[in-house]
$ cat protein-v1.cif   # mmCIF, C-alpha atoms
data_work
#
loop_
_atom_site.label_atom_id
_atom_site.label_comp_id
_atom_site.auth_asym_id
_atom_site.auth_seq_id
_atom_site.Cartn_x
_atom_site.Cartn_y
_atom_site.Cartn_z
CA MET A 292 130.70 126.50 58.84
CA ALA A 293 127.14 127.66 59.24
CA ALA A 294 125.84 124.14 59.38
CA SER A 295 125.84 122.63 62.80
CA CYS A 296 127.81 119.50 63.43
CA ALA A 297 125.55 117.16 61.46
CA GLU A 298 125.73 113.73 62.90
CA MET A 299 126.62 111.39 60.10
CA GLU A 300 127.59 113.64 57.29
CA PRO A 301 130.94 112.78 55.83
CA ALA A 302 133.22 115.73 55.33
CA ALA A 303 134.93 116.55 52.08
CA ALA A 304 137.70 113.99 52.08
CA PRO A 305 136.72 110.41 51.36
CA ARG A 306 137.34 108.18 54.31
CA SER A 307 137.79 104.56 54.99
CA PRO A 308 134.61 102.71 55.70
CA GLY A 309 133.55 103.16 59.25
CA THR A 310 135.25 106.42 59.97
CA GLY A 311 132.02 108.32 59.30
CA GLU A 312 130.57 107.51 62.65
CA LEU A 313 133.77 108.44 64.37
CA VAL A 314 134.28 111.80 62.75
CA CYS A 315 131.90 114.68 63.18
CA ALA A 316 131.19 117.14 60.40
CA ARG A 317 133.79 119.49 61.76
CA GLY A 318 136.31 116.76 61.31
CA ARG A 319 136.80 116.03 64.98
CA ASN A 320 136.61 112.81 66.89
CA ARG A 321 133.07 112.20 67.98
CA LYS A 322 134.07 109.65 70.58
CA ALA A 323 136.71 109.32 73.19
CA VAL A 324 139.87 107.58 72.03
CA LEU A 325 140.96 104.75 74.29
CA CYS A 326 143.70 102.19 74.50
CA GLN A 327 142.48 98.93 73.00
CA ARG A 328 144.18 96.91 75.65
CA CYS A 329 143.64 98.68 78.94
CA GLY A 330 141.08 101.34 78.14
CA SER A 331 143.34 104.19 79.17
CA ARG A 332 141.91 107.45 77.95
CA VAL A 333 144.05 108.93 75.19
CA LEU A 334 141.84 111.71 73.83
CA LEU A 335 138.57 113.21 74.92
CA PRO A 336 135.82 113.60 72.32
CA GLY A 337 136.52 116.56 70.10
CA ALA A 338 140.15 116.89 71.09
CA ALA A 339 141.61 115.83 67.74
CA THR A 340 140.96 116.28 64.06
CA PHE A 341 140.76 113.53 61.50
CA ALA A 342 143.72 113.44 59.15
CA ARG A 343 144.80 111.19 56.34
CA ARG A 344 148.42 110.47 55.90
CA GLU A 345 150.35 107.35 55.10
CA LEU A 346 152.39 106.51 58.12
CA PHE A 347 154.27 103.37 58.86
CA LEU A 348 153.80 102.01 62.35
CA PRO A 349 155.70 98.95 63.49
CA SER A 350 153.63 96.02 64.55
CA MET A 351 151.93 96.18 67.92
CA LYS A 352 152.94 92.65 68.70
CA LYS A 353 156.66 92.81 68.55
CA LYS A 354 158.42 95.42 70.52
CA THR A 355 161.64 94.46 68.82
CA ALA A 356 160.12 95.63 65.56
CA LEU A 357 160.62 99.14 66.80
CA LEU A 358 164.34 98.71 66.88
CA ALA A 359 164.95 97.93 63.27
CA SER A 360 163.22 100.72 61.46
CA SER A 361 163.97 98.95 58.21
CA SER A 362 161.97 96.00 59.36
CA PRO A 363 158.85 95.58 57.25
CA ASP A 364 156.96 94.19 60.21
CA GLY A 365 154.23 96.72 60.61
CA ASP A 366 151.46 98.53 58.81
CA VAL A 367 151.12 101.57 56.66
CA LEU A 368 148.13 103.30 58.17
CA GLN A 369 146.08 106.05 56.62
CA ASP A 370 143.54 107.28 59.10
CA HIS A 371 144.68 109.21 62.11
CA TRP A 372 143.67 111.54 64.83
CA LEU A 373 145.83 114.60 64.75
CA VAL A 374 146.57 117.07 67.52
CA ASP A 375 149.02 119.92 67.40
CA ASP A 376 149.86 120.00 71.10
CA MET A 377 151.02 117.06 73.14
CA PHE A 378 149.08 118.47 76.06
CA SER A 379 145.88 117.80 74.16
CA PHE A 380 146.30 114.19 75.15
CA GLU A 381 144.72 112.94 78.31
CA ASN A 382 147.26 110.18 78.64
CA ILE A 383 149.99 109.23 76.24
CA GLY A 384 153.52 107.91 76.29
CA PHE A 385 156.39 108.86 74.04
CA THR A 386 159.12 106.42 73.17
CA LYS A 387 162.69 107.45 72.93
CA ASP A 388 163.75 108.63 69.49
CA VAL A 389 163.89 106.17 66.66
CA GLY A 390 165.69 108.27 64.11
CA ASN A 391 163.69 111.46 64.12
CA ILE A 392 160.49 109.69 65.10
CA LYS A 393 158.94 109.22 68.45
CA PHE A 394 156.28 106.56 68.61
CA LEU A 395 153.26 107.10 70.77
CA ILE A 396 152.20 104.41 73.15
CA CYS A 397 149.59 103.90 75.80
CA ALA A 398 150.66 105.78 78.89
CA ASP A 399 149.35 103.10 81.17
CA CYS A 400 150.00 99.67 79.70
CA GLU A 401 152.59 100.88 77.19
CA VAL A 402 151.08 98.96 74.35
CA GLY A 403 151.99 100.43 71.04
CA PRO A 404 152.90 102.04 68.86
CA ILE A 405 149.50 103.62 68.57
CA GLY A 406 150.79 106.81 67.05
CA TRP A 407 153.55 108.75 65.47
CA HIS A 408 155.37 112.01 65.99
CA CYS A 409 158.14 113.40 63.88
CA LEU A 410 160.61 115.62 65.65
CA ASP A 411 160.84 117.79 62.55
CA ASP A 412 157.24 118.83 62.96
CA LYS A 413 156.62 119.90 66.48
CA LYS A 414 152.95 120.51 65.87
CA SER A 415 151.81 117.14 64.64
CA PHE A 416 150.97 114.19 66.81
CA TYR A 417 149.14 111.32 65.11
CA ILE A 418 147.13 108.51 66.64
CA ALA A 419 146.16 105.74 64.24
CA LEU A 420 142.45 104.96 64.27
CA ASP A 421 143.13 101.28 63.73
CA ARG A 422 145.24 101.04 66.83
CA VAL A 423 142.85 102.49 69.35
CA SER A 424 139.27 101.93 70.36
CA HIS A 425 136.50 104.48 70.45
CA GLU A 426 133.83 104.96 73.03
CA MET B 299 162.52 125.24 72.78
CA GLU B 300 162.89 124.18 76.32
CA PRO B 301 160.12 123.44 78.69
CA GLY B 302 158.96 126.52 80.47
CA SER B 303 159.98 128.85 77.72
CA GLY B 304 156.38 129.56 76.83
CA LEU B 305 155.88 131.14 80.19
CA GLN B 306 154.83 134.62 79.25
CA ARG B 307 152.91 133.70 76.19
CA ARG B 308 149.62 132.94 77.80
CA GLY B 309 146.68 133.80 75.65
CA GLY B 310 148.85 135.68 73.21
CA GLY B 311 148.12 135.55 69.51
CA GLY B 312 151.30 133.69 68.83
CA GLY B 313 150.20 130.38 70.14
CA ALA B 314 147.05 130.33 68.07
CA GLY B 315 147.32 126.78 66.87
CA ARG B 316 147.79 125.48 70.31
CA GLU B 317 144.97 127.42 71.82
CA LEU B 318 142.67 126.20 69.11
CA ALA B 319 143.33 122.65 69.96
CA ALA B 320 142.75 123.11 73.61
CA GLY B 321 140.40 125.96 74.33
CA GLY B 322 136.87 126.03 73.00
CA SER B 323 136.01 128.94 70.83
CA PRO B 324 133.24 130.83 72.58
CA ALA B 325 131.73 131.96 69.30
CA LEU B 326 130.73 128.47 68.28
CA PRO B 327 127.16 127.62 69.10
CA SER B 328 127.89 123.96 69.64
CA ARG B 329 126.56 122.71 72.90
CA ARG B 330 127.35 119.13 72.26
CA ARG B 331 130.17 117.15 73.66
CA LYS B 332 131.89 117.28 70.31
CA GLN B 333 133.14 120.72 71.05
CA PRO B 334 136.79 120.83 71.95
CA PRO B 335 137.11 119.58 75.49
CA ARG B 336 138.08 121.69 78.40
CA PRO B 337 141.79 122.35 78.30
CA ALA B 338 143.96 121.34 81.16
CA ASP B 339 144.07 123.87 83.93
CA PHE B 340 147.69 123.25 84.68
CA LYS B 341 150.63 121.62 83.04
CA LEU B 342 153.38 120.45 85.27
CA GLN B 343 156.59 118.68 84.69
CA VAL B 344 157.69 116.00 87.07
CA ILE B 345 160.92 114.09 86.91
CA ILE B 346 161.81 110.84 88.57
CA ILE B 347 165.44 110.42 89.48
CA GLY B 348 167.49 108.00 91.51
CA SER B 349 170.10 105.35 91.11
CA ARG B 350 169.88 102.45 88.75
CA GLY B 351 167.42 99.71 89.59
CA VAL B 352 165.49 101.55 92.29
CA GLY B 353 162.24 101.26 90.36
CA LYS B 354 161.78 104.68 88.78
CA THR B 355 160.17 103.30 85.68
CA SER B 356 157.88 101.11 87.69
CA LEU B 357 156.73 104.11 89.61
CA MET B 358 155.93 105.95 86.43
CA GLU B 359 154.07 102.99 85.03
CA ARG B 360 152.29 102.21 88.18
CA PHE B 361 150.69 105.57 88.41
CA THR B 362 147.10 104.83 87.37
CA ASP B 363 148.23 101.61 85.80
CA ASP B 364 147.21 98.13 86.68
CA THR B 365 149.28 96.09 84.32
CA PHE B 366 152.58 95.92 86.12
CA CYS B 367 154.73 93.48 84.27
CA GLU B 368 158.21 92.63 85.33
CA ALA B 369 159.25 91.08 82.07
CA CYS B 370 157.75 93.29 79.41
CA LYS B 371 160.25 96.06 79.13
CA SER B 372 160.11 97.77 75.82
CA THR B 373 163.28 97.65 73.84
CA VAL B 374 163.01 101.20 72.69
CA GLY B 375 162.03 102.57 76.01
CA VAL B 376 159.67 105.23 77.13
CA ASP B 377 160.94 108.76 77.09
CA PHE B 378 158.16 110.54 78.90
CA LYS B 379 154.45 110.44 79.49
CA ILE B 380 151.59 112.80 79.63
CA LYS B 381 149.12 111.93 82.33
CA THR B 382 146.01 113.73 83.39
CA VAL B 383 144.81 113.92 86.95
CA GLU B 384 141.96 115.78 88.53
CA LEU B 385 142.59 117.37 91.85
CA ARG B 386 140.37 119.80 93.71
CA GLY B 387 138.29 120.32 90.62
CA LYS B 388 141.32 121.15 88.54
CA LYS B 389 142.49 119.22 85.57
CA ILE B 390 146.22 118.83 85.61
CA ARG B 391 148.40 117.47 82.90
CA LEU B 392 151.59 115.99 84.14
CA GLN B 393 154.53 115.50 81.92
CA ILE B 394 156.45 112.79 83.66
CA TRP B 395 160.05 112.10 82.81
CA ASP B 396 161.60 108.89 83.84
CA THR B 397 165.33 109.18 83.75
CA ALA B 398 166.06 105.47 83.69
CA GLY B 399 169.18 104.67 81.77
CA GLN B 400 170.71 107.99 82.65
CA GLU B 401 171.53 107.22 86.20
CA ARG B 402 175.06 108.40 86.06
CA PHE B 403 174.51 111.62 87.86
CA ASN B 404 175.79 114.13 85.39
CA SER B 405 174.30 112.54 82.35
CA ILE B 406 170.86 113.89 82.99
CA THR B 407 170.81 117.19 81.27
CA SER B 408 170.21 120.21 83.36
CA ALA B 409 167.15 121.04 81.28
CA TYR B 410 165.34 118.20 82.95
CA TYR B 411 165.89 119.74 86.32
CA ARG B 412 165.34 123.34 85.40
CA SER B 413 161.83 122.90 84.17
CA ALA B 414 160.67 120.41 86.76
CA LYS B 415 158.06 121.56 89.20
CA GLY B 416 158.25 118.31 91.03
CA ILE B 417 161.18 116.00 91.60
CA ILE B 418 160.73 112.48 92.86
CA LEU B 419 163.98 111.09 94.21
CA VAL B 420 163.84 107.34 94.56
CA TYR B 421 165.98 104.85 96.41
CA ASP B 422 165.59 101.16 97.06
CA ILE B 423 165.05 100.25 100.71
CA THR B 424 166.78 96.93 100.07
CA LYS B 425 169.93 98.46 98.60
CA LYS B 426 171.98 100.56 100.91
CA GLU B 427 174.11 101.99 98.15
CA THR B 428 171.10 103.57 96.48
CA PHE B 429 170.41 105.37 99.73
CA GLU B 430 174.00 106.42 100.03
CA ASP B 431 173.78 107.91 96.57
CA LEU B 432 171.15 110.39 97.72
CA PRO B 433 173.55 113.21 98.62
CA LYS B 434 174.92 113.10 95.12
CA TRP B 435 171.47 113.41 93.66
CA MET B 436 170.77 116.27 96.03
CA LYS B 437 173.84 117.98 94.73
CA MET B 438 172.41 117.82 91.23
CA ILE B 439 169.11 119.15 92.45
CA ASP B 440 170.79 122.00 94.26
CA LYS B 441 172.75 122.84 91.22
CA TYR B 442 170.14 122.69 88.53
CA ALA B 443 166.63 122.55 89.85
CA SER B 444 164.42 125.49 90.47
CA GLU B 445 164.43 126.45 94.10
CA ASP B 446 160.70 126.13 94.40
CA ALA B 447 160.54 122.66 92.93
CA GLU B 448 158.74 120.27 95.23
CA LEU B 449 160.89 117.43 96.41
CA LEU B 450 159.70 114.03 97.40
CA LEU B 451 161.93 111.25 98.63
CA VAL B 452 160.58 107.78 97.95
CA GLY B 453 161.89 104.60 99.49
CA ASN B 454 160.71 102.05 96.96
CA LYS B 455 160.35 98.27 97.03
CA LEU B 456 158.39 98.14 100.23
CA ASP B 457 157.20 94.77 99.00
CA CYS B 458 160.67 93.41 99.73
CA GLU B 459 160.46 94.14 103.43
CA VAL B 460 162.49 91.04 104.37
CA ASP B 461 165.48 92.39 102.49
CA ARG B 462 165.22 95.86 103.92
CA GLU B 463 168.55 97.54 104.55
CA ILE B 464 167.39 101.09 105.12
CA THR B 465 164.97 101.78 107.91
CA ARG B 466 162.06 104.07 107.53
CA GLN B 467 163.62 106.34 110.12
CA GLN B 468 166.75 106.71 108.04
CA GLY B 469 164.69 107.84 105.09
CA GLU B 470 162.72 110.23 107.24
CA LYS B 471 165.85 111.63 108.75
CA PHE B 472 167.39 112.26 105.39
CA ALA B 473 164.32 114.07 104.16
CA GLN B 474 164.14 116.18 107.28
CA GLN B 475 167.54 117.62 106.57
CA ILE B 476 166.28 119.13 103.38
CA THR B 477 163.89 122.00 103.49
CA GLY B 478 160.48 121.11 102.21
CA MET B 479 161.32 117.57 101.28
CA ARG B 480 158.61 115.03 101.86
CA PHE B 481 159.20 111.41 102.44
CA CYS B 482 157.31 108.22 101.95
CA GLU B 483 157.84 104.58 101.26
CA ALA B 484 156.14 102.83 98.41
CA SER B 485 155.89 99.70 96.41
CA ALA B 486 155.48 100.07 92.71
CA LYS B 487 155.02 96.35 92.49
CA ASP B 488 152.12 96.25 94.90
CA ASN B 489 150.94 99.66 93.83
CA PHE B 490 151.26 100.79 97.41
CA ASN B 491 151.35 104.55 97.81
CA VAL B 492 152.09 105.21 94.16
CA ASP B 493 149.03 107.21 93.21
CA GLU B 494 149.32 109.00 96.50
CA ILE B 495 152.87 109.99 95.70
CA PHE B 496 151.92 111.76 92.54
CA LEU B 497 148.78 113.30 93.87
CA LYS B 498 150.50 114.56 96.96
CA LEU B 499 153.27 116.03 94.91
CA VAL B 500 150.85 117.72 92.55
CA ASP B 501 148.88 119.04 95.47
CA ASP B 502 152.00 120.52 97.00
CA ILE B 503 152.97 122.10 93.72
CA LEU B 504 149.56 123.62 93.26
CA LYS B 505 149.49 125.03 96.75
CA LYS B 506 152.78 126.68 96.19
CA MET B 507 152.27 128.14 92.77
CA PRO B 508 150.75 131.52 92.11
CA LEU B 509 147.79 131.07 89.83
CA ALA B 510 149.11 133.33 87.15
CA VAL B 511 152.05 131.14 86.40
CA MET B 512 150.19 127.93 86.16
CA ARG B 513 148.61 127.96 82.76
CA ASN B 514 150.65 127.04 79.78
CA GLU B 515 153.62 126.46 81.89
CA LEU B 516 155.28 124.20 79.42
CA SER B 517 156.11 124.65 75.83
CA ASN B 518 155.00 122.23 73.21
CA SER B 519 158.41 121.07 72.30
CA ILE B 520 160.16 117.95 73.30
CA LEU B 521 163.34 118.28 75.19
CA SER B 522 166.23 117.21 73.13
CA LEU B 523 168.70 115.47 75.25
CA GLN B 524 172.33 115.27 74.60
CA PRO B 525 173.73 111.82 74.27
CA GLU B 526 175.00 110.34 77.44
CA PRO B 527 178.70 110.77 77.95
CA GLU B 528 180.37 107.44 77.86
CA ILE B 529 182.53 108.19 80.79
CA PRO B 530 180.83 109.91 83.65
CA PRO B 531 182.56 113.04 84.83
CA GLU B 532 184.40 112.89 88.09
CA LEU B 533 182.29 112.45 91.11
CA PRO B 534 183.13 112.70 94.73
CA PRO B 535 183.05 109.35 96.41
CA PRO B 536 179.84 108.76 98.24
CA ARG B 537 179.96 109.63 101.83
CA PRO B 538 178.27 107.17 104.10
CA HIS B 539 175.42 109.34 105.08
CA VAL B 540 173.02 109.41 107.98
CA ARG B 541 173.94 106.04 109.19
CA CYS B 542 171.70 105.63 112.16
CA CYS B 543 173.53 104.33 115.13
#
$ encode --input "protein-v1.cif" --output "structure tokens"
Amino acid sequence: MAASCAEMEPAAAPRSPGTGELVCARGRNRKAVLCQRCGSRVLLPGAATFARRELFLPSMKKKTALLASSSPDGDVLQDHWLVDDMFSFENIGFTKDVGNIKFLICADCEVGPIGWHCLDDKKSFYIALDRVSHE
Amino acid sequence: MEPGSGLQRRGGGGGAGRELAAGGSPALPSRRRKQPPRPADFKLQVIIIGSRGVGKTSLMERFTDDTFCEACKSTVGVDFKIKTVELRGKKIRLQIWDTAGQERFNSITSAYYRSAKGIILVYDITKKETFEDLPKWMKMIDKYASEDAELLLVGNKLDCEVDREITRQQGEKFAQQITGMRFCEASAKDNFNVDEIFLKLVDDILKKMPLAVMRNELSNSILSLQPEPEIPPELPPPRPHVRCC
């Protein structure tokens, strides 16, 4: 707490390689989070906290993969940006419900899913690090 | 639970988690850009309504977007979007609801209307019936929407000028009959007037709103919509309206 936001210091939880430069010591995103495809701004620097959680996101390639939630076509992703208020996003799209999940997509080009929101937890909105770019 | 329900909770202790995410804590010495970014000044809900096929979704996508794609419709579909605009030095978060797929008039839940600060009513200038549907949409607005909601009538598909069935004057005339309703024509396909539509609407909303009400206008929850009724409730037959002679 007393220490200032040291640049490269990893916080307590072990992270995947590469996340160190993205996460500041306070556990927030050091860089802006952008859509990989169109560069739409999803989160400003510091708007989200780093969180680890295993979440399944359907493949970005096939939109049909979203339909069949049983479909294995997708990835279990660990590293996410977490916000507790949807209005923390600069730009984001929400899909219609798939079960009790809403997938998050780029608000501009609609590529996705780039994130995950469960309707049972109104205070958790995840954006997968692997599915966005950082600037 | 519903949008707008957080109205009187500004700055209260209850919403601590939310405030943390958005507002910077003044006690922190951090001067760097890693500090939590400036929260939005205003949060406004905008809904886009209109008959099937008039291009509501395209309008929503086209706003700040340059990847219009006629073929790439998602199978799951977009429920709503958060978009951020800056206007007169203010940062405004729009929550934009596209009601595509719920065009049968009564199937859009009243909650959509109630919490909307801006309503964009769209018709297709190349399809007369979508224009003739407007009175029915107005009826829904009258019934459910807040009286101070800004209304904007949009004649879309200006790129299909050759197939035009509704003149600009007809659109104007319709809008003039309704207090405070603005009118414009647009093309989501050509991105003509689309940004302007949203910015104008936001500007009108801001001008109208007392400052005190503007912050934290919306709750954090997602509207839960009832399933569409399979059979639409009775509707009066459309009256041929404002047919210019």
$ residues_around --input "protein-v1.cif" --residues "Leu313 in chain A" --least-positions-apart "4" --cutoff "7 Å" --atoms "all atoms listed in the file" --output "list in words"
Asn320, Arg321 and Lys322 of chain A
$ interface_residues --input "protein-v1.cif" --of "chain A" --to "chain B" --cutoff "6 Å" --atoms "only C-alpha atoms" --output "list in words"
Arg321, Pro336, Gly337, Ala338, Asp376, Glu381, Asn382, Ile383, Gly384, Phe385, Thr386, Lys387, Asp399 and Cys400 of chain A
$ write_last_selection --input "protein-v1.cif" --atoms "C-alpha atoms" --output "PDB file, in the frame of the given file"
ATOM      1  CA  ARG A 321     133.070 112.200  67.980  1.00  0.00           C
ATOM      2  CA  PRO A 336     135.820 113.600  72.320  1.00  0.00           C
ATOM      3  CA  GLY A 337     136.520 116.560  70.100  1.00  0.00           C
ATOM      4  CA  ALA A 338     140.150 116.890  71.090  1.00  0.00           C
ATOM      5  CA  ASP A 376     149.860 120.000  71.100  1.00  0.00           C
ATOM      6  CA  GLU A 381     144.720 112.940  78.310  1.00  0.00           C
ATOM      7  CA  ASN A 382     147.260 110.180  78.640  1.00  0.00           C
ATOM      8  CA  ILE A 383     149.990 109.230  76.240  1.00  0.00           C
ATOM      9  CA  GLY A 384     153.520 107.910  76.290  1.00  0.00           C
ATOM     10  CA  PHE A 385     156.390 108.860  74.040  1.00  0.00           C
ATOM     11  CA  THR A 386     159.120 106.420  73.170  1.00  0.00           C
ATOM     12  CA  LYS A 387     162.690 107.450  72.930  1.00  0.00           C
ATOM     13  CA  ASP A 399     149.350 103.100  81.170  1.00  0.00           C
ATOM     14  CA  CYS A 400     150.000  99.670  79.700  1.00  0.00           C
TER      15      CYS A 400
END
$ residues_around --input "protein-v1.cif" --residues "Ile418 in chain A" --least-positions-apart "4" --cutoff "8 Å" --atoms "all atoms listed in the file" --output "list in words"
His371, Trp372, Leu373, Leu395, Ile405, Gly406, Trp407, Arg422 and Val423 of chain A
$ atom_distance --input "protein-v1.cif" --atom1 "CA of Arg350 in chain B" --atom2 "CA of Gln474 in chain B"
23.8 Å
$ atom_distance --input "protein-v1.cif" --atom1 "CA of Ser356 in chain B" --atom2 "CA of Phe380 in chain A"
21.5 Å
$ resolve_selection --input "protein-v1.cif" --expression "the PyMOL selection byres ((chain B and resi 441) around 12)" --output "list in words"
Phe403, Asn404, Thr407, Ser408, Ala409, Tyr411, Arg412, Lys434, Trp435, Met436, Lys437, Met438, Ile439, Asp440, Tyr442, Ala443, Ser444 and Glu445 of chain B
$ residues_around --input "protein-v1.cif" --residues "Gly353 in chain B" --least-positions-apart "2" --cutoff "8 Å" --atoms "all atoms listed in the file" --output "compact mmCIF listing (two decimals) with C-alpha atoms, in the frame of the given file"
# COMPACT_ATOMS: atom_id res chain seq x y z
CA ARG B 350 169.88 102.45 88.75
CA GLY B 351 167.42 99.71 89.59
CA THR B 355 160.17 103.30 85.68
CA SER B 356 157.88 101.11 87.69
CA LEU B 357 156.73 104.11 89.61
CA VAL B 420 163.84 107.34 94.56
CA TYR B 421 165.98 104.85 96.41
CA ASP B 422 165.59 101.16 97.06
CA ASN B 454 160.71 102.05 96.96
CA LYS B 455 160.35 98.27 97.03
CA ALA B 486 155.48 100.07 92.71
$ atom_distance --input "protein-v1.cif" --atom1 "CA of Leu335 in chain A" --atom2 "CA of Ser379 in chain A"
8.7 Å
$ closest_residue --input "protein-v1.cif" --among "B:Val344, B:Leu504, B:Ala484, B:Ala447" --to "Lys388 in chain B" --atoms "all atoms listed in the file"
B:Leu504
$ closest_residue --input "protein-v1.cif" --among "A:Ala339, A:Ala398, A:Val367, A:Asp412" --to "Ala323 in chain A" --atoms "all atoms listed in the file"
A:Ala339
$ resolve_selection --input "protein-v1.cif" --expression "the PyMOL selection byres ((chain A and resi 421) around 12)" --output "PDB file with C-alpha atoms, in the coordinates of the input"
ATOM      1  CA  SER A 307     137.790 104.560  54.990  1.00  0.00           C
ATOM      2  CA  PRO A 308     134.610 102.710  55.700  1.00  0.00           C
ATOM      3  CA  GLY A 309     133.550 103.160  59.250  1.00  0.00           C
ATOM      4  CA  THR A 310     135.250 106.420  59.970  1.00  0.00           C
ATOM      5  CA  LEU A 313     133.770 108.440  64.370  1.00  0.00           C
ATOM      6  CA  VAL A 324     139.870 107.580  72.030  1.00  0.00           C
ATOM      7  CA  LEU A 325     140.960 104.750  74.290  1.00  0.00           C
ATOM      8  CA  CYS A 326     143.700 102.190  74.500  1.00  0.00           C
ATOM      9  CA  GLN A 327     142.480  98.930  73.000  1.00  0.00           C
ATOM     10  CA  LEU A 348     153.800 102.010  62.350  1.00  0.00           C
ATOM     11  CA  SER A 350     153.630  96.020  64.550  1.00  0.00           C
ATOM     12  CA  MET A 351     151.930  96.180  67.920  1.00  0.00           C
ATOM     13  CA  ASP A 366     151.460  98.530  58.810  1.00  0.00           C
ATOM     14  CA  VAL A 367     151.120 101.570  56.660  1.00  0.00           C
ATOM     15  CA  LEU A 368     148.130 103.300  58.170  1.00  0.00           C
ATOM     16  CA  GLN A 369     146.080 106.050  56.620  1.00  0.00           C
ATOM     17  CA  ASP A 370     143.540 107.280  59.100  1.00  0.00           C
ATOM     18  CA  HIS A 371     144.680 109.210  62.110  1.00  0.00           C
ATOM     19  CA  TRP A 372     143.670 111.540  64.830  1.00  0.00           C
ATOM     20  CA  GLY A 403     151.990 100.430  71.040  1.00  0.00           C
ATOM     21  CA  PRO A 404     152.900 102.040  68.860  1.00  0.00           C
ATOM     22  CA  ILE A 405     149.500 103.620  68.570  1.00  0.00           C
ATOM     23  CA  GLY A 406     150.790 106.810  67.050  1.00  0.00           C
ATOM     24  CA  TYR A 417     149.140 111.320  65.110  1.00  0.00           C
ATOM     25  CA  ILE A 418     147.130 108.510  66.640  1.00  0.00           C
ATOM     26  CA  ALA A 419     146.160 105.740  64.240  1.00  0.00           C
ATOM     27  CA  LEU A 420     142.450 104.960  64.270  1.00  0.00           C
ATOM     28  CA  ARG A 422     145.240 101.040  66.830  1.00  0.00           C
ATOM     29  CA  VAL A 423     142.850 102.490  69.350  1.00  0.00           C
ATOM     30  CA  SER A 424     139.270 101.930  70.360  1.00  0.00           C
ATOM     31  CA  HIS A 425     136.500 104.480  70.450  1.00  0.00           C
TER      32      HIS A 425
END
$ resolve_selection --input "protein-v1.cif" --expression "the PyMOL selection byres ((chain A and resi 391) around 10)" --output "ChimeraX atom specification"
/A:387-390,392-394,408-412
$ closest_residue --input "protein-v1.cif" --among "A:Pro349, A:Glu426, A:Phe416, A:Thr340" --to "Arg317 in chain A" --atoms "all atoms listed in the file"
A:Thr340
$ axis_aligned_box --input "protein-v1.cif" --around "range 416-429 of chain B" --padding-each-side "6 Å" --output "lines of an AutoDock Vina configuration file"
center_x = 166.2
center_y = 107.6
center_z = 96.0
size_x = 27.9
size_y = 33.4
size_z = 21.9
$ closest_residue --input "protein-v1.cif" --among "A:Asp364, A:Val374, A:Glu345, A:Cys397" --to "Arg319 in chain A" --atoms "all atoms listed in the file"
A:Val374
